[in-house]
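What follows is the content of data-v7.tsv (TSV, C-alpha atoms).
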```
chain	number	residue	atom	x	y	z
A	1	MET	CA	5.15	-18.45	3.32
A	2	ILE	CA	3.34	-19.67	0.22
A	3	SER	CA	4.25	-19.51	-3.45
A	4	ILE	CA	2.06	-17.34	-5.69
A	5	SER	CA	1.24	-18.18	-9.31
A	6	PRO	CA	-0.30	-16.07	-12.11
A	7	ASN	CA	-3.46	-18.16	-11.78
A	8	ASP	CA	-4.12	-17.06	-8.21
A	9	GLU	CA	-7.10	-14.71	-7.92
A	10	PRO	CA	-7.31	-13.13	-4.47
A	11	LYS	CA	-11.02	-12.59	-3.81
A	12	TRP	CA	-10.72	-9.28	-1.98
A	13	GLY	CA	-13.55	-6.80	-1.78
A	14	ILE	CA	-15.77	-8.17	-4.55
A	15	ILE	CA	-18.92	-6.10	-4.95
A	16	ASN	CA	-22.19	-7.12	-6.59
A	17	ASP	CA	-23.30	-3.55	-7.20
A	18	THR	CA	-23.31	-2.85	-10.94
A	19	LYS	CA	-23.75	0.89	-10.40
A	20	LYS	CA	-20.71	1.07	-8.11
A	21	THR	CA	-18.63	-1.09	-10.45
A	22	LYS	CA	-19.44	1.23	-13.34
A	23	PHE	CA	-18.57	4.25	-11.20
A	24	ILE	CA	-15.16	2.81	-10.30
A	25	SER	CA	-14.57	1.98	-13.97
A	26	SER	CA	-15.40	5.58	-14.90
A	27	LEU	CA	-12.81	6.83	-12.40
A	28	VAL	CA	-10.21	4.56	-14.00
A	29	GLN	CA	-11.06	5.98	-17.42
A	30	LYS	CA	-10.94	9.56	-16.18
A	31	HIS	CA	-7.92	9.53	-13.86
A	32	LEU	CA	-5.67	6.56	-14.59
A	33	ILE	CA	-5.75	5.81	-18.31
A	34	PRO	CA	-4.59	9.34	-19.22
A	35	LYS	CA	-1.82	9.05	-16.61
A	36	TYR	CA	-0.45	5.58	-17.35
A	37	SER	CA	-1.65	4.48	-20.81
A	38	ASP	CA	1.73	5.18	-22.42
A	39	ASN	CA	3.34	2.61	-20.08
A	40	GLU	CA	3.24	-0.82	-21.73
A	41	GLU	CA	3.65	-2.74	-18.48
A	42	TRP	CA	0.75	-0.86	-16.88
A	43	CYS	CA	-1.43	-1.57	-19.93
A	44	ASN	CA	-0.59	-5.27	-19.63
A	45	PHE	CA	-1.60	-5.21	-15.96
A	46	PHE	CA	-4.82	-3.38	-16.82
A	47	ASP	CA	-5.66	-6.13	-19.33
A	48	TYR	CA	-4.81	-8.78	-16.73
A	49	LEU	CA	-7.22	-7.30	-14.18
A	50	SER	CA	-9.91	-6.58	-16.74
A	51	HIS	CA	-10.13	-10.24	-17.81
A	52	SER	CA	-10.81	-11.46	-14.27
A	53	HIS	CA	-14.24	-11.11	-12.67
A	54	HIS	CA	-12.68	-11.23	-9.21
A	55	PHE	CA	-10.45	-8.26	-9.96
A	56	VAL	CA	-12.59	-6.04	-12.17
A	57	SER	CA	-15.53	-6.39	-9.75
A	58	SER	CA	-13.41	-5.50	-6.73
A	59	GLN	CA	-13.93	-2.25	-4.86
A	60	HIS	CA	-10.11	-2.05	-4.93
A	61	PHE	CA	-9.87	-2.12	-8.75
A	62	PHE	CA	-8.86	1.56	-8.92
A	63	ARG	CA	-6.32	1.17	-6.11
A	64	TYR	CA	-4.66	-1.86	-7.69
A	65	LEU	CA	-4.22	-0.01	-10.98
A	66	ASN	CA	-3.01	3.24	-9.44
A	67	THR	CA	-0.57	1.49	-7.11
A	68	PHE	CA	0.85	-0.63	-9.92
A	69	GLY	CA	1.28	2.52	-11.99
A	70	MET	CA	3.33	4.07	-9.21
A	71	ILE	CA	5.41	0.90	-8.92
A	72	VAL	CA	6.33	0.67	-12.60
A	73	MET	CA	7.04	4.40	-12.73
A	74	ARG	CA	9.62	3.83	-10.00
A	75	LEU	CA	11.03	0.43	-11.02
A	76	GLY	CA	10.15	-0.07	-14.68
A	77	GLU	CA	9.55	-3.62	-15.90
A	78	ILE	CA	10.12	-6.16	-13.12
A	79	THR	CA	11.57	-9.53	-14.18
A	80	ASP	CA	13.53	-12.41	-12.62
A	81	LYS	CA	13.15	-11.11	-9.06
A	82	THR	CA	12.24	-12.79	-5.80
A	83	ILE	CA	9.21	-10.91	-4.49
A	84	VAL	CA	7.49	-11.27	-1.12
A	85	GLU	CA	4.16	-9.64	-0.31
A	86	THR	CA	3.27	-9.30	3.35
A	87	GLY	CA	-0.13	-10.28	4.66
A	88	GLY	CA	-1.28	-12.29	1.64
A	89	ALA	CA	-1.18	-11.88	-2.12
A	90	SER	CA	-2.74	-9.04	-4.08
A	91	PRO	CA	-3.45	-9.09	-7.84
A	92	ILE	CA	-0.21	-7.14	-8.25
A	93	THR	CA	1.82	-10.07	-6.96
A	94	SER	CA	-0.14	-12.68	-8.91
A	95	TYR	CA	0.49	-10.64	-12.08
A	96	LEU	CA	4.20	-10.25	-11.32
A	97	ALA	CA	4.39	-14.04	-10.85
A	98	ASN	CA	4.38	-14.33	-14.64
A	99	ASN	CA	8.03	-13.28	-14.77
A	100	ASN	CA	9.20	-13.47	-11.15
A	101	ARG	CA	9.37	-15.81	-8.15
A	102	CYS	CA	6.55	-14.57	-5.94
A	103	PHE	CA	5.53	-15.44	-2.40
A	104	ALA	CA	3.16	-14.24	0.31
A	105	THR	CA	3.55	-14.42	4.08
A	106	GLU	CA	1.19	-16.39	6.32
A	107	SER	CA	2.58	-15.63	9.79
A	108	ASP	CA	1.42	-13.25	12.53
A	109	LEU	CA	2.76	-9.93	11.23
A	110	ARG	CA	2.98	-8.49	14.74
A	111	VAL	CA	5.63	-11.01	15.71
A	112	SER	CA	7.66	-12.26	12.74
A	113	LEU	CA	7.60	-12.97	9.02
A	114	ASP	CA	7.88	-16.59	7.91
A	115	VAL	CA	10.66	-15.75	5.46
A	116	ASP	CA	14.43	-16.34	5.55
A	117	SER	CA	16.79	-13.42	6.09
A	118	ASN	CA	18.08	-11.61	3.00
A	119	PHE	CA	15.56	-13.51	0.86
A	120	ALA	CA	13.66	-10.94	-1.21
A	121	ASP	CA	14.76	-8.61	-3.97
A	122	ILE	CA	11.46	-6.77	-3.54
A	123	VAL	CA	9.10	-6.67	-0.54
A	124	LEU	CA	5.56	-5.36	-1.04
A	125	SER	CA	3.46	-4.10	1.86
A	126	LEU	CA	0.25	-2.86	0.30
A	127	GLU	CA	-2.42	-1.59	2.71
A	128	VAL	CA	-1.12	-3.71	5.59
A	129	ALA	CA	0.58	-1.45	8.15
A	130	GLU	CA	-2.72	0.10	9.25
A	131	HIS	CA	-4.07	-3.32	10.28
A	132	ILE	CA	-1.23	-4.32	12.60
A	133	LYS	CA	-2.07	-4.39	16.30
A	134	ASP	CA	0.47	-4.46	19.10
A	135	ALA	CA	2.24	-7.73	19.85
A	136	PRO	CA	0.47	-9.94	22.44
A	137	GLU	CA	0.26	-8.20	25.82
A	138	LYS	CA	2.74	-9.06	28.56
A	139	ASN	CA	1.74	-6.56	31.25
A	140	PHE	CA	-0.94	-4.04	32.23
A	141	SER	CA	0.67	-1.17	30.30
A	142	ASP	CA	0.55	-3.27	27.15
A	143	ILE	CA	-3.18	-3.71	27.67
A	144	VAL	CA	-4.09	-0.05	28.23
A	145	LEU	CA	-1.65	1.64	25.80
A	146	PHE	CA	-0.92	1.37	22.08
A	147	ARG	CA	2.84	0.85	22.23
A	148	GLU	CA	3.62	0.37	18.50
A	149	THR	CA	5.26	-2.99	19.21
A	150	GLY	CA	3.55	-4.73	16.32
A	151	ILE	CA	4.31	-2.15	13.63
A	152	ARG	CA	7.91	-1.73	14.82
A	153	SER	CA	8.46	-5.48	14.76
A	154	PHE	CA	6.88	-5.60	11.30
A	155	ALA	CA	9.24	-2.90	9.99
A	156	SER	CA	12.25	-4.67	11.50
A	157	GLU	CA	11.20	-7.98	9.95
A	158	ILE	CA	10.80	-6.38	6.52
A	159	HIS	CA	14.35	-5.06	6.84
A	160	ARG	CA	15.55	-8.54	7.82
A	161	ILE	CA	14.03	-10.42	4.87
A	162	THR	CA	15.10	-7.87	2.24
A	163	LYS	CA	18.33	-8.52	0.37
A	164	SER	CA	21.16	-6.03	0.54
A	165	ALA	CA	20.32	-3.19	-1.89
A	166	GLY	CA	16.82	-4.67	-2.21
A	167	THR	CA	13.59	-2.71	-2.59
A	168	VAL	CA	10.66	-2.18	-0.23
A	169	LEU	CA	7.40	-0.68	-1.52
A	170	LEU	CA	4.77	0.32	1.01
A	171	THR	CA	1.32	1.85	0.78
A	172	THR	CA	-0.93	2.70	3.72
A	173	PRO	CA	-3.62	5.33	4.43
A	174	ASN	CA	-2.41	8.84	5.18
A	175	ALA	CA	-3.42	10.18	8.59
A	176	CYS	CA	-2.82	13.75	7.36
A	177	SER	CA	-4.97	13.45	4.25
A	178	PHE	CA	-7.74	15.81	3.24
A	179	LYS	CA	-10.14	12.92	3.91
A	180	SER	CA	-9.02	12.43	7.52
A	181	ILE	CA	-9.19	16.15	8.22
A	182	ALA	CA	-12.60	16.45	6.55
A	183	ASN	CA	-13.89	13.65	8.77
A	184	ALA	CA	-12.68	15.49	11.88
A	185	VAL	CA	-14.36	18.72	10.73
A	186	GLU	CA	-17.60	16.77	10.24
A	187	HIS	CA	-17.38	15.35	13.80
A	188	LYS	CA	-16.29	11.90	12.62
A	189	ALA	CA	-13.22	9.94	13.64
A	190	PRO	CA	-10.19	11.38	11.79
A	191	TYR	CA	-9.41	8.21	9.86
A	192	VAL	CA	-9.55	7.36	6.17
A	193	PHE	CA	-11.23	4.10	7.26
A	194	ARG	CA	-12.33	3.94	10.90
A	195	PRO	CA	-11.97	0.16	11.49
A	196	HIS	CA	-8.19	0.36	10.97
A	197	VAL	CA	-6.04	-0.19	14.03
A	198	ARG	CA	-3.98	2.94	13.34
A	199	GLU	CA	-3.31	5.20	10.38
A	200	TYR	CA	0.04	6.98	10.27
A	201	THR	CA	1.77	10.17	9.22
A	202	LYS	CA	4.75	10.22	6.90
A	203	ASP	CA	7.14	11.00	9.77
A	204	GLU	CA	5.83	8.14	11.89
A	205	LEU	CA	6.39	5.66	9.08
A	206	LEU	CA	9.87	7.02	8.39
A	207	ASP	CA	10.63	6.44	12.06
A	208	PHE	CA	9.34	2.85	11.97
A	209	PHE	CA	11.30	2.05	8.80
A	210	CYS	CA	14.42	4.01	9.75
A	211	GLN	CA	16.72	1.05	8.96
A	212	LEU	CA	15.84	1.52	5.29
A	213	ALA	CA	16.85	4.34	2.95
A	214	LEU	CA	13.99	6.44	1.55
A	215	GLN	CA	14.11	6.81	-2.23
A	216	HIS	CA	10.71	8.36	-2.78
A	217	HIS	CA	7.55	9.35	-0.97
A	218	SER	CA	4.33	10.77	-2.34
A	219	THR	CA	0.63	10.52	-1.64
A	220	MET	CA	-2.14	9.55	-4.00
A	221	PHE	CA	-5.94	9.58	-4.03
A	222	ASN	CA	-6.78	5.88	-4.00
A	223	PHE	CA	-10.08	5.95	-2.11
A	224	PHE	CA	-11.73	9.38	-1.87
A	225	LEU	CA	-11.65	12.97	-3.12
A	226	MET	CA	-10.44	12.17	-6.62
A	227	GLY	CA	-12.43	14.96	-8.22
A	228	ASP	CA	-13.62	18.44	-7.35
A	229	SER	CA	-13.65	17.82	-3.59
A	230	SER	CA	-9.86	17.64	-3.39
A	231	LYS	CA	-9.63	20.94	-5.27
A	232	THR	CA	-12.05	22.52	-2.80
A	233	TRP	CA	-9.99	21.41	0.20
A	234	SER	CA	-6.78	22.45	-1.54
A	235	ASN	CA	-8.14	25.94	-2.15
A	236	LEU	CA	-9.38	26.19	1.44
A	237	PHE	CA	-6.02	25.15	2.90
A	238	SER	CA	-4.17	27.57	0.64
A	239	ALA	CA	-6.44	30.43	1.68
A	240	ILE	CA	-5.76	29.70	5.36
A	241	GLY	CA	-2.04	29.32	4.74
A	242	TRP	CA	-1.85	25.60	5.51
A	243	SER	CA	0.30	23.20	3.53
A	244	ILE	CA	-1.41	21.25	0.75
A	245	LYS	CA	1.58	18.96	0.26
A	246	ASP	CA	0.99	15.21	0.65
A	247	ARG	CA	-2.75	15.38	1.33
A	248	GLY	CA	-3.73	12.33	-0.74
A	249	ASP	CA	-5.48	9.55	1.18
A	250	ASP	CA	-2.76	6.94	0.58
A	251	HIS	CA	0.99	7.00	1.20
A	252	PHE	CA	3.40	5.52	-1.36
A	253	PHE	CA	6.92	4.79	-0.06
A	254	HIS	CA	9.88	3.43	-2.02
A	255	PHE	CA	12.70	2.30	0.26
A	256	THR	CA	15.93	0.43	-0.35
A	257	LYS	CA	18.03	-1.58	2.08
A	258	PRO	CA	21.50	-0.01	2.28
A	259	PRO	CA	24.05	-2.35	0.61
A	260	SER	CA	26.24	-2.49	3.70
A	261	GLN	CA	23.49	-3.86	5.93
A	262	GLU	CA	23.51	-7.63	6.37
A	263	ASN	CA	21.59	-9.59	8.98
```
If you convert what's in this file into structure tokens, what do you get?
Amino acid sequence: MISISPNDEPKWGIINDTKKTKFISSLVQKHLIPKYSDNEEWCNFFDYLSHSHHFVSSQHFFRYLNTFGMIVMRLGEITDKTIVETGGASPITSYLANNNRCFATESDLRVSLDVDSNFADIVLSLEVAEHIKDAPEKNFSDIVLFRETGIRSFASEIHRITKSAGTVLLTTPNACSFKSIANAVEHKAPYVFRPHVREYTKDELLDFFCQLALQHHSTMFNFFLMGDSSKTWSNLFSAIGWSIKDRGDDHFFHFTKPPSQEN
């Protein structure tokens, strides 16, 4: 586990395509500023990202802003907390380090987290679950089957490191999104992003994280179909009689650790 400071600038997904950068910026202006601009903490985070080349030029600029908006809508201003982000630090954690004690894990997430038990007030798992393979194979069945050992261990470890009554915030691509279904219709693999190890449904994730208490779940459009395309799919599903609930391409979960649970 390493300590994170406000000066850390994770260099994730930087793009040198001015046209694409401008397009992402236009999506922020169209979709996010009207939604979050009355939230002072979100505006401060927007300024923080906008003054860093590494962040504003990232292909994840929209996602960072949208996810942080969801976080502050759920938790409000976050101060004087111990925060752990799994799988490395995002700009969200480096920003929160201004007023909190922030850390990021460095261990093999399939096996354990390099964090003491009951350590964190808040645990962040932002676009991590979909990358976790099974734990190292021990027998032939482990080799030929996906047994969910890595993701289940990961969920158990998150429960372990979270303080009693602490908060867990998780985002990960939605296997039931319009995007995944559209890919299947177009004879592509039904993933939001094909290189991921596995993308999950809401019910699968609730099963993995069953030791925690769900406070909120919703989906958001963080990657695709943020404009007219989502309306087209929504209208099509409605006409067929299929549910249009939770069809965004990214899950957002807010869990808490029940106060009675100690490790």
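Omitting Gly69 in chain A and its sequence neighbours fewer than 6 positions away, and counting only C-alpha atoms, the residues within 12 Å are A:Val28, A:His31, A:Leu32, A:Ile33, A:Pro34, A:Lys35, A:Tyr36, A:Ser37, A:Asp38, A:Asn39, A:Glu40, A:Glu41, A:Trp42, A:Cys43, A:Asn44, A:Phe45, A:Phe46, A:Phe62, A:Arg63, A:Leu75, A:Gly76, A:Glu77, A:Ile92, A:Met220, A:Asn222, A:Phe252.
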Quick one: everything within 10 Å of Ala129 in chain A, counting only C-alpha atoms, minus sequence neighbours fewer than 5 positions away in the same chain. Send it as a list in words.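 Contacts, with the query itself left out: Thr86, Gly87, Leu109, Arg110, Gly150, Ile151, Arg152, Phe154, Ala155, Leu170, Thr171, Thr172, Pro173, His196, Val197, Arg198, Glu199, Tyr200 and Leu205 of chain A.
Between Ile132 in chain A and the residues A:Met70, A:Ser218, A:Ser94, A:Pro195, the shortest atom-to-atom distance, using all atoms listed in the file, involves A:Pro195.
If you measure from each of A:Asp80, A:Glu106, A:Asp17, A:Glu9 to Thr93 in chain A using all atoms listed in the file, the closest one turns out to be A:Glu9.
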What does the structure give for the distance between CA of Gly241 in chain A and CA of Val185 in chain A, in Å to one decimal?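 Computed distance, CA of Gly241 in chain A to CA of Val185 in chain A, equals 17.3 Å.
Distance annotation: of A:Lys231, A:His216, A:Arg74, A:Arg194, the residue with the minimal separation from Phe255 in chain A is A:His216; atom set is all atoms listed in the file.
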I'd like to know which of A:Leu113, A:Ala89, A:Leu27, A:Met1 is closest to Asn66 in chain A, using only C-alpha atoms. A:Leu27
I want to know what sits within 12 Å of Thr162 in chain A, based on all atoms listed in the file, with residues of the same chain fewer than 5 positions away left out; could you give that as a ChimeraX atom specification? /A:81-86,113,115-124,155-157,167-169,211-212,255-259,261-263
Could you check the closest approach to Ala165 in chain A for each of A:Ser260, A:Asn99, A:Gln215, A:Ser125 and tell me which residue wins, using all atoms listed in the file?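 That would be A:Ser260, the residue with the smallest distance to Ala165 in chain A.
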If I take CA of Val192 in chain A and CA of Leu96 in chain A, how far is one from the other in Å, to one decimal?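 CA of Val192 in chain A sits 28.4 Å away from CA of Leu96 in chain A.
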Applying 8 Å and only C-alpha atoms, which residues near Gly248 in chain A remain after dropping the ones on its own chain fewer than 3 positions away? List them as a PyMOL selection string. chain A and resi 174+177-179+219-222+251
For the selection just defined, write its residues with C-alpha atoms to a file, as a short mmCIF file (atom, residue, chain, number, x, y, z; two decimals), keeping the file's coordinate frame.
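After the write, out-v1.cif holds the following:
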```cif
data_model
loop_
_atom_site.label_atom_id
_atom_site.label_comp_id
_atom_site.auth_asym_id
_atom_site.auth_seq_id
_atom_site.Cartn_x
_atom_site.Cartn_y
_atom_site.Cartn_z
CA ASN A 174 -2.41 8.84 5.18
CA SER A 177 -4.97 13.45 4.25
CA PHE A 178 -7.74 15.81 3.24
CA LYS A 179 -10.14 12.92 3.91
CA THR A 219 0.63 10.52 -1.64
CA MET A 220 -2.14 9.55 -4.00
CA PHE A 221 -5.94 9.58 -4.03
CA ASN A 222 -6.78 5.88 -4.00
CA HIS A 251 0.99 7.00 1.20
#
```
May I ask which of the residues A:Thr149, A:Ser164, A:Thr201, A:Thr18 is the closest one to Ser180 in chain A, counting only C-alpha atoms? A:Thr201
Just the number, please: distance in Å from CA of Cys102 in chain A to CA of Ile4 in chain A, one decimal.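 Distance between the two atoms: 5.3 Å.
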Protein, DNA and RNA residues within 12 Å of (-2.8, 20.3, 0.5), all atoms listed in the file, as a VMD selection string: chain A and resid 176 to 179 181 219 to 220 229 to 249
